[in-house]
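K.L.:
Data file coords17.pdb (PDB, C-alpha atoms, pLDDT in the B column) is appended below.
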ATOM      1  CA  MET A  10      -3.613 -11.824  12.761  1.00 81.00           C
ATOM      2  CA  ALA A  11      -1.437 -11.292   9.654  1.00 85.00           C
ATOM      3  CA  SER A  12      -0.052 -14.822   9.885  1.00 89.00           C
ATOM      4  CA  LEU A  13      -3.593 -16.221  10.108  1.00 92.00           C
ATOM      5  CA  LEU A  14      -4.646 -14.160   7.087  1.00 90.00           C
ATOM      6  CA  LEU A  15      -1.605 -15.378   5.149  1.00 92.00           C
ATOM      7  CA  LEU A  16      -2.519 -18.953   5.981  1.00 94.00           C
ATOM      8  CA  LEU A  17      -6.183 -18.505   5.029  1.00 94.00           C
ATOM      9  CA  LEU A  18      -5.326 -16.619   1.851  1.00 93.00           C
ATOM     10  CA  SER A  19      -2.477 -18.924   0.793  1.00 94.00           C
ATOM     11  CA  PRO A  20      -4.533 -20.687  -1.935  1.00 96.00           C
ATOM     12  CA  ILE A  21      -5.467 -17.297  -3.425  1.00 95.00           C
ATOM     13  CA  LEU A  22      -1.881 -16.062  -3.114  1.00 96.00           C
ATOM     14  CA  LEU A  23      -0.619 -19.189  -4.883  1.00 97.00           C
ATOM     15  CA  ILE A  24      -3.108 -18.731  -7.737  1.00 97.00           C
ATOM     16  CA  ILE A  25      -2.147 -15.057  -8.098  1.00 97.00           C
ATOM     17  CA  MET A  26       1.545 -15.979  -8.099  1.00 96.00           C
ATOM     18  CA  LEU A  27       0.964 -18.533 -10.868  1.00 96.00           C
ATOM     19  CA  LEU A  28      -1.077 -16.049 -12.917  1.00 96.00           C
ATOM     20  CA  VAL A  29       1.525 -13.291 -12.528  1.00 95.00           C
ATOM     21  CA  TRP A  30       4.304 -15.741 -13.400  1.00 94.00           C
ATOM     22  CA  GLN A  31       2.427 -16.881 -16.522  1.00 93.00           C
ATOM     23  CA  HIS A  32       1.037 -13.563 -17.797  1.00 90.00           C
ATOM     24  CA  LEU A  33       3.529 -10.986 -16.527  1.00 87.00           C
ATOM     25  CA  PRO A  34       6.976 -12.555 -17.060  1.00 80.00           C
ATOM     26  CA  GLY A  35       9.634 -11.374 -14.657  1.00 84.00           C
ATOM     27  CA  SER A  36       9.702 -10.871 -10.929  1.00 89.00           C
ATOM     28  CA  LEU A  37       6.524 -11.753  -9.031  1.00 93.00           C
ATOM     29  CA  PHE A  38       6.902  -8.901  -6.570  1.00 94.00           C
ATOM     30  CA  VAL A  39       7.669  -5.199  -6.633  1.00 93.00           C
ATOM     31  CA  GLN A  40       9.261  -3.492  -3.658  1.00 94.00           C
ATOM     32  CA  GLU A  41       8.435   0.195  -3.267  1.00 93.00           C
ATOM     33  CA  TRP A  42      10.425   2.330  -0.849  1.00 94.00           C
ATOM     34  CA  ARG A  43       8.157   3.969   1.727  1.00 94.00           C
ATOM     35  CA  VAL A  44       8.614   5.888   4.953  1.00 93.00           C
ATOM     36  CA  GLY A  45       7.400   3.946   7.957  1.00 93.00           C
ATOM     37  CA  GLU A  46       7.273   4.245  11.708  1.00 94.00           C
ATOM     38  CA  ARG A  47       9.636   6.869  13.172  1.00 91.00           C
ATOM     39  CA  GLY A  48      10.723   7.848   9.651  1.00 89.00           C
ATOM     40  CA  LYS A  49      12.415   4.513   8.910  1.00 94.00           C
ATOM     41  CA  PHE A  50      12.559   3.447   5.278  1.00 95.00           C
ATOM     42  CA  PHE A  51      11.143   0.072   4.301  1.00 97.00           C
ATOM     43  CA  GLN A  52      10.294  -1.754   1.114  1.00 97.00           C
ATOM     44  CA  MET A  53       6.549  -2.181   0.767  1.00 97.00           C
ATOM     45  CA  LEU A  54       5.689  -5.332  -1.155  1.00 97.00           C
ATOM     46  CA  ARG A  55       3.062  -5.869  -3.808  1.00 96.00           C
ATOM     47  CA  PHE A  56       2.493  -8.207  -6.725  1.00 96.00           C
ATOM     48  CA  ARG A  57       3.823  -6.861  -9.999  1.00 92.00           C
ATOM     49  CA  THR A  58       0.976  -5.655 -12.199  1.00 91.00           C
ATOM     50  CA  THR A  59       2.819  -4.055 -15.094  1.00 86.00           C
ATOM     51  CA  VAL A  60       3.917  -5.449 -18.435  1.00 78.00           C
ATOM     52  CA  GLY A  61       7.550  -5.722 -19.441  1.00 65.00           C
ATOM     53  CA  GLN A  62      10.419  -4.116 -17.594  1.00 59.00           C
ATOM     54  CA  THR A  63       8.505  -1.108 -16.222  1.00 57.00           C
ATOM     55  CA  ASP A  64       8.763  -2.094 -12.540  1.00 55.00           C
ATOM     56  CA  LYS A  65      12.341  -3.324 -12.848  1.00 58.00           C
ATOM     57  CA  LEU A  66      13.497  -0.069 -14.445  1.00 59.00           C
ATOM     58  CA  LEU A  67      11.524   1.999 -11.943  1.00 59.00           C
ATOM     59  CA  ASN A  68      13.000   0.152  -8.963  1.00 59.00           C
ATOM     60  CA  ARG A  69      16.535   0.431 -10.372  1.00 60.00           C
ATOM     61  CA  TRP A  70      16.037   4.190 -10.811  1.00 58.00           C
ATOM     62  CA  LEU A  71      14.566   4.549  -7.307  1.00 56.00           C
ATOM     63  CA  SER A  72      17.490   2.631  -5.775  1.00 55.00           C
ATOM     64  CA  LYS A  73      19.890   5.188  -7.288  1.00 55.00           C
ATOM     65  CA  GLN A  74      17.703   8.181  -6.409  1.00 51.00           C
ATOM     66  CA  PRO A  75      15.748   7.192  -3.284  1.00 48.00           C
ATOM     67  CA  ALA A  76      14.564  10.746  -2.688  1.00 46.00           C
ATOM     68  CA  GLN A  77      12.453  10.484  -5.848  1.00 44.00           C
ATOM     69  CA  TYR A  78       9.209   8.645  -6.279  1.00 44.00           C
ATOM     70  CA  ALA A  79       7.247   7.800  -9.415  1.00 43.00           C
ATOM     71  CA  HIS A  80       3.642   6.701  -9.190  1.00 45.00           C
ATOM     72  CA  ARG A  81       2.808   3.479 -11.030  1.00 45.00           C
ATOM     73  CA  LYS A  82      -0.303   5.010 -12.619  1.00 47.00           C
ATOM     74  CA  GLY A  83       1.420   5.566 -15.965  1.00 48.00           C
ATOM     75  CA  ALA A  84       2.865   2.058 -16.141  1.00 60.00           C
ATOM     76  CA  GLN A  85       1.492  -0.348 -18.740  1.00 77.00           C
ATOM     77  CA  THR A  86      -0.860  -2.976 -17.351  1.00 79.00           C
ATOM     78  CA  ASN A  87      -2.674  -5.834 -19.009  1.00 86.00           C
ATOM     79  CA  PHE A  88      -6.061  -7.256 -18.009  1.00 91.00           C
ATOM     80  CA  LEU A  89      -4.591  -9.318 -15.151  1.00 93.00           C
ATOM     81  CA  GLY A  90      -2.680  -6.342 -13.768  1.00 91.00           C
ATOM     82  CA  HIS A  91      -5.778  -4.174 -13.987  1.00 91.00           C
ATOM     83  CA  CYS A  92      -7.871  -6.765 -12.089  1.00 93.00           C
ATOM     84  CA  LEU A  93      -5.219  -7.199  -9.395  1.00 94.00           C
ATOM     85  CA  GLN A  94      -5.114  -3.427  -8.878  1.00 91.00           C
ATOM     86  CA  ARG A  95      -8.892  -2.928  -9.034  1.00 91.00           C
ATOM     87  CA  TYR A  96      -9.542  -5.459  -6.267  1.00 92.00           C
ATOM     88  CA  SER A  97      -6.332  -4.613  -4.345  1.00 91.00           C
ATOM     89  CA  LEU A  98      -5.103  -8.181  -4.717  1.00 94.00           C
ATOM     90  CA  ASP A  99      -1.703  -6.778  -5.669  1.00 95.00           C
ATOM     91  CA  GLU A 100      -1.415  -5.508  -2.094  1.00 95.00           C
ATOM     92  CA  LEU A 101      -1.792  -8.887  -0.354  1.00 96.00           C
ATOM     93  CA  PRO A 102       2.010  -9.359  -0.063  1.00 97.00           C
ATOM     94  CA  GLN A 103       1.939  -6.422   2.367  1.00 97.00           C
ATOM     95  CA  LEU A 104       0.855  -9.000   4.934  1.00 96.00           C
ATOM     96  CA  LEU A 105       4.566  -9.915   4.955  1.00 97.00           C
ATOM     97  CA  ASN A 106       5.347  -6.275   5.799  1.00 98.00           C
ATOM     98  CA  VAL A 107       2.890  -6.627   8.693  1.00 97.00           C
ATOM     99  CA  LEU A 108       4.617  -9.808   9.897  1.00 96.00           C
ATOM    100  CA  ARG A 109       7.992  -8.029   9.755  1.00 96.00           C
ATOM    101  CA  GLY A 110       6.624  -5.186  11.898  1.00 96.00           C
ATOM    102  CA  GLU A 111       6.963  -2.565   9.144  1.00 97.00           C
ATOM    103  CA  MET A 112       3.209  -2.093   8.750  1.00 97.00           C
ATOM    104  CA  SER A 113      -0.012  -2.903  10.569  1.00 96.00           C
ATOM    105  CA  LEU A 114      -3.332  -4.075   9.164  1.00 95.00           C
ATOM    106  CA  VAL A 115      -4.907  -0.684   9.938  1.00 95.00           C
ATOM    107  CA  GLY A 116      -3.082   2.607  10.138  1.00 92.00           C
ATOM    108  CA  LEU A 117      -2.041   5.640   8.177  1.00 88.00           C
ATOM    109  CA  ARG A 118      -1.162   5.383   4.508  1.00 87.00           C
ATOM    110  CA  PRO A 119       2.559   4.587   4.036  1.00 90.00           C
ATOM    111  CA  LEU A 120       4.025   7.662   2.395  1.00 88.00           C
ATOM    112  CA  PRO A 121       6.397   7.661  -0.562  1.00 89.00           C
ATOM    113  CA  PHE A 122       9.602   9.665  -0.091  1.00 85.00           C
ATOM    114  CA  ASP A 123       8.466  12.764  -1.954  1.00 83.00           C
ATOM    115  CA  GLU A 124       5.387  13.142   0.221  1.00 82.00           C
ATOM    116  CA  ALA A 125       7.154  12.339   3.502  1.00 84.00           C
ATOM    117  CA  VAL A 126       9.788  15.041   3.034  1.00 84.00           C
ATOM    118  CA  ASN A 127       7.043  17.609   2.401  1.00 82.00           C
ATOM    119  CA  VAL A 128       4.871  16.818   5.426  1.00 80.00           C
ATOM    120  CA  PRO A 129       4.192  20.118   7.227  1.00 78.00           C
ATOM    121  CA  ALA A 130       5.484  20.636  10.768  1.00 77.00           C
ATOM    122  CA  GLU A 131       2.012  20.283  12.304  1.00 73.00           C
ATOM    123  CA  LEU A 132       1.780  16.751  10.883  1.00 77.00           C
ATOM    124  CA  GLN A 133       5.314  15.524  11.635  1.00 81.00           C
ATOM    125  CA  GLN A 134       3.911  13.240  14.348  1.00 83.00           C
ATOM    126  CA  ARG A 135       2.297  11.306  11.482  1.00 82.00           C
ATOM    127  CA  LEU A 136       5.754   9.968  10.619  1.00 85.00           C
ATOM    128  CA  ASN A 137       5.984   8.366  14.081  1.00 86.00           C
ATOM    129  CA  ALA A 138       3.004   6.098  13.433  1.00 87.00           C
ATOM    130  CA  LEU A 139       3.101   2.585  12.005  1.00 92.00           C
ATOM    131  CA  PRO A 140       1.570   2.693   8.505  1.00 93.00           C
ATOM    132  CA  GLY A 141      -1.251   0.317   7.648  1.00 94.00           C
ATOM    133  CA  MET A 142      -2.602  -1.735   4.770  1.00 94.00           C
ATOM    134  CA  THR A 143      -5.951   0.003   5.161  1.00 92.00           C
ATOM    135  CA  GLY A 144      -7.187   3.066   6.959  1.00 87.00           C
ATOM    136  CA  VAL A 145      -8.764   6.460   6.470  1.00 82.00           C
ATOM    137  CA  TRP A 146      -7.614   6.783   2.835  1.00 77.00           C
ATOM    138  CA  GLN A 147      -8.915   3.302   1.936  1.00 76.00           C
ATOM    139  CA  ILE A 148     -12.403   4.042   3.220  1.00 78.00           C
ATOM    140  CA  GLY A 149     -12.613   7.572   1.867  1.00 70.00           C
ATOM    141  CA  GLY A 150     -11.413   6.927  -1.684  1.00 59.00           C
ATOM    142  CA  ARG A 151      -9.558   3.701  -2.095  1.00 48.00           C
ATOM    143  CA  ALA A 152      -6.112   3.813  -3.677  1.00 47.00           C
ATOM    144  CA  ALA A 153      -6.153   7.577  -4.172  1.00 53.00           C
ATOM    145  CA  ARG A 154      -2.896   9.372  -3.560  1.00 56.00           C
ATOM    146  CA  VAL A 155      -3.433  11.538  -0.523  1.00 57.00           C
ATOM    147  CA  THR A 156      -2.352  15.126  -1.111  1.00 61.00           C
ATOM    148  CA  LEU A 157      -0.721  17.244   1.559  1.00 54.00           C
ATOM    149  CA  ASP A 158      -3.863  19.380   1.595  1.00 58.00           C
ATOM    150  CA  GLU A 159      -5.886  16.302   2.511  1.00 61.00           C
ATOM    151  CA  LEU A 160      -3.395  15.462   5.250  1.00 56.00           C
ATOM    152  CA  VAL A 161      -3.711  18.968   6.638  1.00 48.00           C
ATOM    153  CA  SER A 162      -7.500  18.566   6.595  1.00 57.00           C
ATOM    154  CA  GLY A 163      -7.023  16.519   9.715  1.00 72.00           C
ATOM    155  CA  ALA A 164      -8.214  13.018   8.808  1.00 78.00           C
ATOM    156  CA  ASP A 165      -4.852  11.539   9.801  1.00 78.00           C
ATOM    157  CA  LEU A 166      -4.648  13.559  13.008  1.00 79.00           C
ATOM    158  CA  LYS A 167      -8.179  12.541  13.980  1.00 83.00           C
ATOM    159  CA  TYR A 168      -7.279   8.904  13.410  1.00 85.00           C
ATOM    160  CA  MET A 169      -4.089   9.171  15.484  1.00 85.00           C
ATOM    161  CA  GLN A 170      -5.950  10.862  18.344  1.00 86.00           C
ATOM    162  CA  ARG A 171      -8.661   8.191  18.436  1.00 87.00           C
ATOM    163  CA  VAL A 172      -6.705   4.997  17.775  1.00 88.00           C
ATOM    164  CA  SER A 173      -8.651   2.105  19.239  1.00 93.00           C
ATOM    165  CA  PHE A 174      -9.329  -1.544  18.550  1.00 94.00           C
ATOM    166  CA  ARG A 175     -12.964  -0.717  17.799  1.00 94.00           C
ATOM    167  CA  GLN A 176     -12.047   1.954  15.235  1.00 93.00           C
ATOM    168  CA  ASP A 177      -9.503  -0.351  13.571  1.00 94.00           C
ATOM    169  CA  LEU A 178     -12.038  -3.175  13.422  1.00 94.00           C
ATOM    170  CA  THR A 179     -14.530  -0.760  11.849  1.00 93.00           C
ATOM    171  CA  PHE A 180     -11.976   0.209   9.179  1.00 92.00           C
ATOM    172  CA  LEU A 181     -11.251  -3.457   8.458  1.00 93.00           C
ATOM    173  CA  LEU A 182     -14.949  -4.253   8.110  1.00 93.00           C
ATOM    174  CA  LEU A 183     -15.596  -1.203   5.904  1.00 92.00           C
ATOM    175  CA  THR A 184     -12.639  -2.074   3.672  1.00 90.00           C
ATOM    176  CA  ILE A 185     -13.912  -5.551   2.770  1.00 89.00           C
ATOM    177  CA  PRO A 186     -17.002  -4.524   0.745  1.00 91.00           C
ATOM    178  CA  ARG A 187     -15.054  -1.742  -1.008  1.00 87.00           C
ATOM    179  CA  VAL A 188     -12.338  -4.167  -2.068  1.00 87.00           C
ATOM    180  CA  ILE A 189     -14.853  -6.804  -3.201  1.00 87.00           C
ATOM    181  CA  ALA A 190     -16.777  -4.210  -5.225  1.00 87.00           C
ATOM    182  CA  GLY A 191     -13.565  -2.738  -6.618  1.00 83.00           C
ATOM    183  CA  SER A 192     -14.913   0.710  -5.803  1.00 72.00           C
ATOM    184  CA  GLY A 193     -12.966   3.909  -5.379  1.00 62.00           C
ATOM    185  CA  VAL A 194      -9.912   2.816  -7.366  1.00 60.00           C
ATOM    186  CA  HIS A 195      -8.189   5.592  -9.301  1.00 49.00           C
TER     187      HIS A 195
END
Let me see whether you can do it: turn the structure in this file into structure tokens.
P.N.:
Amino acid sequence: MASLLLLLLSPILLIIMLLVWQHLPGSLFVQEWRVGERGKFFQMLRFRTTVGQTDKLLNRWLSKQPAQYAHRKGAQTNFLGHCLQRYSLDELPQLLNVLRGEMSLVGLRPLPFDEAVNVPAELQQRLNALPGMTGVWQIGGRAARVTLDELVSGADLKYMQRVSFRQDLTFLLLTIPRVIAGSGVH
């Protein structure tokens, strides 16, 4: 499915790559360390949306201190970066993470290090699941950082207990209009 999406979206991906290359000089992609299935670390991909060296400096710092995590919210963005974030176009490279088996299309939100190390014992099974590009957090408040309190509220556990093709298809279908409308972005 991810390979088909990559093929279908390749014209859009190419246009985004050209725009990022032209308006946000530097690397096209940012790799953010996340905790994936069975607690394995992986680098989640996204298009760079910040101006200047912000992402480069952040990634260099994270590589030296992987137990730390800094949210990109404070980073400087221009109009292009803002649009890519608003419509989640910056997240399309995560299809490569799906192809590599590090993520799925639908699943739990991939946690940054600082959140993964603080997951309470009753939710440790969450770290055994394959994270997804969309899921409960995307439908209930797109792009919001999920707090540990929200995790404890049970949304993740409910999802893990009821994993099914039908539920995943529902999440995919509900995600599309939210992304197109650019709603719920924080």
K.L.:
Mind giving me the straight-line distance from atom CA of Glu41 of chain A to atom CA of Thr179 of chain A in Å, one decimal?
P.N.:
27.5 Å
K.L.:
Applying the PyMOL selection byres ((chain A and resi 167) around 12) to the file I just gave you, which residues come out? Please list them as an MDAnalysis selection string.
P.N.:
chainID A and resid 116:117 132 135 144:145 160:166 168:173 176
K.L.:
Let's have the selection written as a PDB file, in the frame of the given file, with C-alpha atoms.
P.N.:
ATOM      1  CA  GLY A 116      -3.082   2.607  10.138  1.00 92.00           C
ATOM      2  CA  LEU A 117      -2.041   5.640   8.177  1.00 88.00           C
ATOM      3  CA  LEU A 132       1.780  16.751  10.883  1.00 77.00           C
ATOM      4  CA  ARG A 135       2.297  11.306  11.482  1.00 82.00           C
ATOM      5  CA  GLY A 144      -7.187   3.066   6.959  1.00 87.00           C
ATOM      6  CA  VAL A 145      -8.764   6.460   6.470  1.00 82.00           C
ATOM      7  CA  LEU A 160      -3.395  15.462   5.250  1.00 56.00           C
ATOM      8  CA  VAL A 161      -3.711  18.968   6.638  1.00 48.00           C
ATOM      9  CA  SER A 162      -7.500  18.566   6.595  1.00 57.00           C
ATOM     10  CA  GLY A 163      -7.023  16.519   9.715  1.00 72.00           C
ATOM     11  CA  ALA A 164      -8.214  13.018   8.808  1.00 78.00           C
ATOM     12  CA  ASP A 165      -4.852  11.539   9.801  1.00 78.00           C
ATOM     13  CA  LEU A 166      -4.648  13.559  13.008  1.00 79.00           C
ATOM     14  CA  TYR A 168      -7.279   8.904  13.410  1.00 85.00           C
ATOM     15  CA  MET A 169      -4.089   9.171  15.484  1.00 85.00           C
ATOM     16  CA  GLN A 170      -5.950  10.862  18.344  1.00 86.00           C
ATOM     17  CA  ARG A 171      -8.661   8.191  18.436  1.00 87.00           C
ATOM     18  CA  VAL A 172      -6.705   4.997  17.775  1.00 88.00           C
ATOM     19  CA  SER A 173      -8.651   2.105  19.239  1.00 93.00           C
ATOM     20  CA  GLN A 176     -12.047   1.954  15.235  1.00 93.00           C
TER      21      GLN A 176
END
K.L.:
Restricting the calculation to only C-alpha atoms: of A:Arg187, A:Arg175, A:Arg109, A:Arg118, which residue gets closest to Phe51 of chain A?
P.N.:
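Counting only C-alpha atoms, the residue closest to Phe51 of chain A is A:Arg109.
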K.L.:
Give me, please, the distance in Å between atom CA of Leu120 of chain A and atom CA of Thr58 of chain A, quoted to one decimal.
P.N.:
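Distance between the two atoms: 20.0 Å.
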K.L.:
Find the residues near Leu183 of chain A: any atom within 12 Å, counting only C-alpha atoms, skip ones fewer than 6 places away on the same chain, and give them as a PyMOL selection string.
P.N.:
chain A and resi 115+143-151+176-177+189-190+192
K.L.:
Pick from A:Leu23, A:Trp30, A:Leu108, A:Gly90: nearest to Ala11 of chain A, with only C-alpha atoms counted?
P.N.:
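Answer, going by the shortest atom-to-atom distance: A:Leu108.
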K.L.:
How far is it from atom CA of Leu17 of chain A to atom CA of Glu100 of chain A, in Å with one decimal?
P.N.:
15.6 Å
K.L.:
Check which residues satisfy the PyMOL selection byres ((chain A and resi 46) around 10) in the file shown, then give them as a list of chain:residue names.
P.N.:
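Taken on the displayed file, the PyMOL selection byres ((chain A and resi 46) around 10) yields the residues A:Val44, A:Gly45, A:Arg47, A:Gly48, A:Lys49, A:Phe50, A:Phe51, A:Gly110, A:Glu111, A:Met112, A:Pro119, A:Gln134, A:Arg135, A:Leu136, A:Asn137, A:Ala138, A:Leu139, A:Pro140.
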K.L.:
Taking all atoms listed in the file into account, which of A:Leu105, A:Thr59, A:Leu37, A:Asp123 comes nearest Ile24 of chain A?
P.N.:
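Among the listed residues, A:Leu37 lies closest to Ile24 of chain A.
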K.L.:
Which one of A:Leu104, A:Leu54, A:Leu28, A:Val60 sits closest to Leu13 of chain A if you count all atoms listed in the file?
P.N.:
A:Leu104
